[in-house]
$ cat target-v4.txt   # compact mmCIF, C-alpha atoms
# COMPACT_ATOMS: atom_id res chain seq x y z
CA MET A 683 26.58 34.65 24.75
CA THR A 684 26.66 32.13 27.59
CA ASP A 685 22.91 31.43 27.62
CA PHE A 686 23.52 28.10 25.93
CA GLU A 687 19.94 26.86 26.19
CA LYS A 688 18.88 29.79 23.99
CA PHE A 689 21.60 29.15 21.39
CA PRO A 690 19.14 27.36 19.05
CA GLU A 691 16.79 30.35 19.24
CA ASN A 692 19.55 32.94 18.80
CA PHE A 693 21.76 31.02 16.35
CA PRO A 694 19.50 28.54 14.50
CA LYS A 695 21.96 27.98 11.64
CA VAL A 696 24.45 26.21 13.93
CA ALA A 697 22.49 24.89 16.93
CA GLU A 698 19.48 22.60 16.90
CA ALA A 699 19.29 21.91 20.65
CA ILE A 700 21.41 22.24 23.80
CA LYS A 701 20.60 20.58 27.10
CA ILE A 702 22.55 21.25 30.30
CA MET A 703 23.25 17.90 31.95
CA LYS A 704 25.37 19.11 34.88
CA ARG A 705 25.99 22.50 36.46
CA ALA A 706 28.53 23.29 39.19
CA GLY A 707 29.10 27.01 39.60
CA ASP A 708 30.55 28.31 36.33
CA TYR A 709 31.14 24.77 34.97
CA LEU A 710 28.61 23.15 32.64
CA GLU A 711 28.36 19.79 30.91
CA MET A 712 26.00 19.86 27.96
CA GLN A 713 24.63 17.65 25.22
CA ALA A 714 24.14 19.57 22.00
CA ALA A 715 22.79 18.88 18.54
CA VAL A 716 24.78 21.10 16.18
CA LYS A 717 24.45 21.72 12.47
CA SER A 718 27.43 21.45 10.17
CA PHE A 719 27.77 20.68 6.45
CA GLY A 720 24.00 20.29 6.13
CA ARG A 721 23.80 17.58 8.81
CA GLU A 722 23.10 17.41 12.51
CA PHE A 723 25.71 16.00 14.91
CA PRO A 724 25.63 15.25 18.64
CA VAL A 725 28.31 17.06 20.64
CA THR A 726 29.29 16.75 24.30
CA MET A 727 30.49 20.08 25.69
CA LYS A 728 32.43 20.62 28.92
CA THR A 729 32.36 24.35 29.39
CA ARG A 730 33.70 26.90 31.86
CA ILE A 731 31.86 30.22 31.81
CA LEU A 732 34.06 33.25 32.38
CA PRO A 733 31.60 35.80 33.81
CA GLY A 734 31.60 39.00 31.80
CA ARG A 735 34.23 37.60 29.41
CA GLY A 736 32.81 34.58 27.54
CA PHE A 737 33.56 30.86 27.79
CA ILE A 738 36.10 28.08 27.25
CA SER A 739 34.84 24.67 26.14
CA ASP A 740 36.22 21.21 25.35
CA ASN A 741 33.93 19.49 22.86
CA GLU A 742 33.61 15.91 21.60
CA SER A 743 31.77 14.81 18.46
CA PRO A 744 32.41 11.08 17.96
CA LYS A 745 29.86 10.79 15.13
CA PHE A 746 31.61 13.54 13.16
CA GLY A 747 35.01 12.26 14.26
CA THR A 748 36.36 15.41 15.86
CA SER A 749 37.08 16.97 19.21
CA GLY A 750 37.99 20.54 19.90
CA HIS A 751 39.02 23.24 22.31
CA GLU A 752 36.91 26.37 21.88
CA GLU A 753 37.37 29.83 23.36
CA LEU A 754 35.07 32.79 22.92
CA LEU A 755 36.37 35.82 24.78
CA LEU A 756 34.86 39.30 24.82
CA SER A 757 36.68 42.46 25.82
CA LEU A 758 35.58 46.07 25.89
CA ARG A 759 37.47 48.49 23.67
CA PRO A 760 36.88 52.19 23.05
CA GLU A 761 35.53 51.30 19.58
CA GLY A 762 33.21 48.56 20.93
CA THR A 763 33.31 44.95 22.06
CA MET A 764 36.14 42.84 20.65
CA ILE A 765 35.31 39.18 19.98
CA ASP A 766 38.28 36.80 20.15
CA TYR A 767 37.21 33.35 18.95
CA THR A 768 39.45 30.30 18.50
CA TYR A 769 38.66 26.65 17.89
CA GLN A 770 41.42 24.05 17.83
CA VAL A 771 40.20 20.86 16.16
CA ALA A 772 41.54 17.31 16.43
CA ILE A 773 40.35 15.04 13.60
CA HIS A 774 40.07 11.39 14.59
CA LYS A 775 38.79 9.87 11.33
CA ARG A 776 41.55 9.30 8.78
CA TRP A 777 39.36 9.83 5.72
CA LEU A 778 38.18 13.15 7.12
CA ARG A 779 41.75 14.45 7.44
CA ILE A 780 42.05 14.46 3.64
CA VAL A 781 39.32 17.06 3.20
CA ALA A 782 39.39 18.56 6.67
CA LYS A 783 41.80 21.43 6.23
CA PRO A 784 39.80 23.32 3.60
CA LEU A 785 36.42 22.34 5.03
CA ILE A 786 37.01 22.75 8.75
CA GLY A 787 39.86 25.23 8.59
CA TRP A 788 38.24 27.69 6.24
CA PHE A 789 34.69 26.90 5.13
CA SER A 790 33.18 25.93 8.48
CA MET A 791 34.88 28.79 10.34
CA LYS A 792 33.61 31.29 7.76
CA TYR A 793 30.15 29.78 8.10
CA TRP A 794 30.34 29.99 11.91
CA GLN A 795 31.44 33.61 11.63
CA LYS A 796 28.42 34.39 9.48
CA ALA A 797 25.96 32.37 11.58
CA VAL A 798 27.16 33.51 15.02
CA ILE A 799 29.62 36.41 15.04
CA ASP A 800 27.78 38.43 12.39
CA GLU A 801 24.52 37.80 14.26
CA LEU A 802 26.13 39.08 17.47
CA ARG A 803 27.15 42.24 15.67
CA LYS A 804 23.50 42.90 14.77
CA LYS A 805 22.33 42.68 18.38
CA PRO A 806 22.34 45.81 20.53
CA ASP A 807 24.50 45.81 23.66
CA LYS A 808 22.65 44.44 26.68

$ encode --input "target-v4.txt" --output "structure tokens"
Amino acid sequence: MTDFEKFPENFPKVAEAIKIMKRAGDYLEMQAAVKSFGREFPVTMKTRILPGRGFISDNESPKFGTSGHEELLLSLRPEGTMIDYTYQVAIHKRWLRIVAKPLIGWFSMKYWQKAVIDELRKKPDK
């Protein structure tokens, strides 16, 4: 889940390209081209990898007019791996705030769940 350069290969519905610009231990700075609402947007990601647990990332998308704090945490449970995913979004464009709650709050998160989380569920444990 933290092999970001393979995100476009593993999750093509949400990632077009990811390039690591800086690496310092478990800290990465990346430039990504992500897909959302049928368009591609550039995103700057400042990410801390939590070995064996997932990642925490602060993301900026000036073209889309948002920034966000993302956490994807994995934990082992007797019934399997639990995925705890949160994304807190700040919307910087006024016009976007009008439609943002239903689109970002529900639609895009459901789409992300289908494009990423459901795909993870299909993969065997490695």

$ residues_around --input "target-v4.txt" --residues "range 742-753 of chain A" --least-positions-apart "6" --cutoff "12 Å" --atoms "only C-alpha atoms" --output "PyMOL selection string"
chain A and resi 683-684+711-719+721-732+735-736+765-779+782+786+791

$ closest_residue --input "target-v4.txt" --among "A:Glu801, A:Trp794, A:Gly762, A:Asp740" --to "Tyr709 in chain A" --atoms "all atoms listed in the file"
A:Asp740

$ closest_residue --input "target-v4.txt" --among "A:Asp708, A:Gly734, A:Ser757, A:Asn692" --to "Leu802 in chain A" --atoms "all atoms listed in the file"
A:Asn692

$ closest_residue --input "target-v4.txt" --among "A:Pro733, A:Val696, A:Ser739, A:Ile780" --to "Leu710 in chain A" --atoms "only C-alpha atoms"
A:Ser739

$ atom_distance --input "target-v4.txt" --atom1 "CA of Ile700 in chain A" --atom2 "CA of Asp685 in chain A"
10.1 Å

$ axis_aligned_box --input "target-v4.txt" --around "range 685-703 of chain A" --padding-each-side "8 Å" --output "lines of an AutoDock Vina configuration file"
center_x = 20.6
center_y = 25.4
center_z = 21.8
size_x = 23.7
size_y = 31.0
size_z = 36.3

$ atom_distance --input "target-v4.txt" --atom1 "CA of Leu758 in chain A" --atom2 "CA of Lys701 in chain A"
29.6 Å

$ atom_distance --input "target-v4.txt" --atom1 "CA of Ile702 in chain A" --atom2 "CA of Lys804 in chain A"
26.7 Å

$ build_atoms --input "target-v4.txt" --residues "range 688-714 of chain A" --atoms "N, CA and C atoms" --output "PDB file, in the frame of the given file"
ATOM      1  N   LYS A 688      19.524  28.954  24.999  1.00  0.00           N
ATOM      2  CA  LYS A 688      18.880  29.790  23.990  1.00  0.00           C
ATOM      3  C   LYS A 688      19.682  29.871  22.688  1.00  0.00           C
ATOM      4  N   PHE A 689      20.800  29.156  22.610  1.00  0.00           N
ATOM      5  CA  PHE A 689      21.600  29.150  21.390  1.00  0.00           C
ATOM      6  C   PHE A 689      20.759  28.766  20.164  1.00  0.00           C
ATOM      7  N   PRO A 690      19.938  27.713  20.236  1.00  0.00           N
ATOM      8  CA  PRO A 690      19.140  27.360  19.050  1.00  0.00           C
ATOM      9  C   PRO A 690      18.198  28.478  18.611  1.00  0.00           C
ATOM     10  N   GLU A 691      17.670  29.222  19.556  1.00  0.00           N
ATOM     11  CA  GLU A 691      16.790  30.350  19.240  1.00  0.00           C
ATOM     12  C   GLU A 691      17.582  31.512  18.650  1.00  0.00           C
ATOM     13  N   ASN A 692      18.744  31.797  19.239  1.00  0.00           N
ATOM     14  CA  ASN A 692      19.550  32.940  18.800  1.00  0.00           C
ATOM     15  C   ASN A 692      20.429  32.642  17.592  1.00  0.00           C
ATOM     16  N   PHE A 693      20.844  31.394  17.443  1.00  0.00           N
ATOM     17  CA  PHE A 693      21.760  31.020  16.350  1.00  0.00           C
ATOM     18  C   PHE A 693      21.270  29.720  15.687  1.00  0.00           C
ATOM     19  N   PRO A 694      20.105  29.760  15.038  1.00  0.00           N
ATOM     20  CA  PRO A 694      19.500  28.540  14.500  1.00  0.00           C
ATOM     21  C   PRO A 694      20.279  27.880  13.365  1.00  0.00           C
ATOM     22  N   LYS A 695      21.185  28.584  12.741  1.00  0.00           N
ATOM     23  CA  LYS A 695      21.960  27.980  11.640  1.00  0.00           C
ATOM     24  C   LYS A 695      23.003  26.993  12.139  1.00  0.00           C
ATOM     25  N   VAL A 696      23.408  27.100  13.415  1.00  0.00           N
ATOM     26  CA  VAL A 696      24.450  26.210  13.930  1.00  0.00           C
ATOM     27  C   VAL A 696      24.022  25.334  15.104  1.00  0.00           C
ATOM     28  N   ALA A 697      22.909  25.661  15.747  1.00  0.00           N
ATOM     29  CA  ALA A 697      22.490  24.890  16.930  1.00  0.00           C
ATOM     30  C   ALA A 697      21.044  24.440  16.787  1.00  0.00           C
ATOM     31  N   GLU A 698      20.828  23.153  16.922  1.00  0.00           N
ATOM     32  CA  GLU A 698      19.480  22.600  16.900  1.00  0.00           C
ATOM     33  C   GLU A 698      18.913  22.515  18.313  1.00  0.00           C
ATOM     34  N   ALA A 699      19.736  22.048  19.261  1.00  0.00           N
ATOM     35  CA  ALA A 699      19.290  21.910  20.650  1.00  0.00           C
ATOM     36  C   ALA A 699      20.509  21.839  21.563  1.00  0.00           C
ATOM     37  N   ILE A 700      20.365  22.360  22.772  1.00  0.00           N
ATOM     38  CA  ILE A 700      21.410  22.240  23.800  1.00  0.00           C
ATOM     39  C   ILE A 700      20.705  21.971  25.124  1.00  0.00           C
ATOM     40  N   LYS A 701      21.175  20.937  25.803  1.00  0.00           N
ATOM     41  CA  LYS A 701      20.600  20.580  27.100  1.00  0.00           C
ATOM     42  C   LYS A 701      21.732  20.526  28.125  1.00  0.00           C
ATOM     43  N   ILE A 702      21.562  21.264  29.224  1.00  0.00           N
ATOM     44  CA  ILE A 702      22.550  21.250  30.300  1.00  0.00           C
ATOM     45  C   ILE A 702      22.319  20.000  31.129  1.00  0.00           C
ATOM     46  N   MET A 703      23.349  19.154  31.217  1.00  0.00           N
ATOM     47  CA  MET A 703      23.250  17.900  31.950  1.00  0.00           C
ATOM     48  C   MET A 703      23.774  18.036  33.376  1.00  0.00           C
ATOM     49  N   LYS A 704      24.754  18.933  33.567  1.00  0.00           N
ATOM     50  CA  LYS A 704      25.370  19.110  34.880  1.00  0.00           C
ATOM     51  C   LYS A 704      25.799  20.570  35.013  1.00  0.00           C
ATOM     52  N   ARG A 705      25.586  21.113  36.192  1.00  0.00           N
ATOM     53  CA  ARG A 705      25.990  22.500  36.460  1.00  0.00           C
ATOM     54  C   ARG A 705      26.636  22.528  37.844  1.00  0.00           C
ATOM     55  N   ALA A 706      27.831  23.108  37.919  1.00  0.00           N
ATOM     56  CA  ALA A 706      28.530  23.290  39.190  1.00  0.00           C
ATOM     57  C   ALA A 706      29.215  24.656  39.128  1.00  0.00           C
ATOM     58  N   GLY A 707      28.555  25.652  39.676  1.00  0.00           N
ATOM     59  CA  GLY A 707      29.100  27.010  39.600  1.00  0.00           C
ATOM     60  C   GLY A 707      29.156  27.485  38.162  1.00  0.00           C
ATOM     61  N   ASP A 708      30.351  27.831  37.698  1.00  0.00           N
ATOM     62  CA  ASP A 708      30.550  28.310  36.330  1.00  0.00           C
ATOM     63  C   ASP A 708      30.894  27.178  35.352  1.00  0.00           C
ATOM     64  N   TYR A 709      30.818  25.928  35.808  1.00  0.00           N
ATOM     65  CA  TYR A 709      31.140  24.770  34.970  1.00  0.00           C
ATOM     66  C   TYR A 709      29.858  24.090  34.505  1.00  0.00           C
ATOM     67  N   LEU A 710      29.773  23.811  33.211  1.00  0.00           N
ATOM     68  CA  LEU A 710      28.610  23.150  32.640  1.00  0.00           C
ATOM     69  C   LEU A 710      29.040  21.944  31.810  1.00  0.00           C
ATOM     70  N   GLU A 711      28.236  20.893  31.863  1.00  0.00           N
ATOM     71  CA  GLU A 711      28.360  19.790  30.910  1.00  0.00           C
ATOM     72  C   GLU A 711      27.064  19.755  30.142  1.00  0.00           C
ATOM     73  N   MET A 712      27.176  19.758  28.810  1.00  0.00           N
ATOM     74  CA  MET A 712      26.000  19.860  27.960  1.00  0.00           C
ATOM     75  C   MET A 712      26.013  18.818  26.855  1.00  0.00           C
ATOM     76  N   GLN A 713      24.820  18.456  26.413  1.00  0.00           N
ATOM     77  CA  GLN A 713      24.630  17.650  25.220  1.00  0.00           C
ATOM     78  C   GLN A 713      24.012  18.589  24.194  1.00  0.00           C
ATOM     79  N   ALA A 714      24.619  18.654  23.025  1.00  0.00           N
ATOM     80  CA  ALA A 714      24.140  19.570  22.000  1.00  0.00           C
ATOM     81  C   ALA A 714      23.903  18.816  20.691  1.00  0.00           C
TER      82      ALA A 714
END
